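The next block holds one structure in the form of structure tokens; read it before the comments.
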Amino acid sequence: DLVRSRGLGDVYKRQIYHWLAMQSTTEISQKGLNDMKELNIMEATVLTSPNPLTLICSKKEDGSTNLAPICFVSYLSFNPPMVGFATGKQSHTGKRVRETGKVIVTVPCESLAGAVMACGASTGAETDKVAANNIEMMAVEGSDIQIPADTRLAMVATLQQSVEVGDHILHICQVDKFLGEEDKKGLYACGRRLNLKTVRRCQRWLFVSKTVFRT
């Protein structure tokens with residue numbers, strides 16, 4: 001109103017309106033900054049909810065399949081289709097993927113919640129997780145790695161590169177084919193303690209640390 005009442009030219013009016021808008025934005029930005037607090041990585045991952053929990057399927061030395069629950073997974077490229085997942089440096093799964101160059105990244109369904117928990121409690125170097133947890137498996141055409149029968153999504157992939165990233169190793173893979181069943185419900189890791197749910201019931205994301213899941 002003050003600007004309009006003084007009969008200023010259009011150029012000056014625009015400059016004043018711009019200045020007033022910038023002042024308002026600065027105040028809002030400063031208020032937002034003051035409301036935020038510094039987090040560590042475990043606390044930060046709670047705010048990225050929900051993210052899918054995957055079972056990384058790899059071929060063991062004896063030809064059987066190992067299953068490792070992994071949450072550090074991401075799409076990397078559309079063309080060619082690529083995904084990446086990170087495992088701890090001592091991970092048996094990571095070692096086998098690097099040795100064979102093959103992997104199937106799967107999204108397990110809700111019937112496997114208990115089995116996924118159990119798979120994360122032991123290492124495939126010492127345990128046959130499939131047999132120990134009575135997981136029904138099925139073959140995938142063109143691959144000698146099997147996957148759980150109750151799977152929502154399977155990404156059959158070939159390792160292209162592995163890169164050391166801090167205390168993990170990132171495995172960069174090109175997806176040879178995608179297989180999926182849209183009507184099935186995939187598992188998500190939720191809550192501050194390990195609590196596997198489907199996405200519709202998931203409220204908070206759990207950071208799954210290396211002390212929770214072994215691979």
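Chains: A, B, ... in order of the structure tokens. Residues: from 1 per chain. Ligands: from 1, in order shown.
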
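Non-sequential neighbours of segment 49-65 of chain A (distance at most 6 Å, separation of 5 or more positions within a chain, only C-alpha atoms) are Ile70, Cys71, Val103, Ile104, Val105, Thr106, Val107, Ile145, Leu187, Tyr188, Ala189, Arg204 and Trp205 of chain A.
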
Pick from A:Ile135, A:Leu67, A:Ala149, A:Leu159: nearest to Asp176 of chain A, with only C-alpha atoms counted?
-> A:Leu159

As a PyMOL selection string, please: all residues of segment 45-131 of chain A that backbone DSSP puts in strand (DSSP E).
-> chain A and resi 54-59+65-70+73-77+82-88+102-108
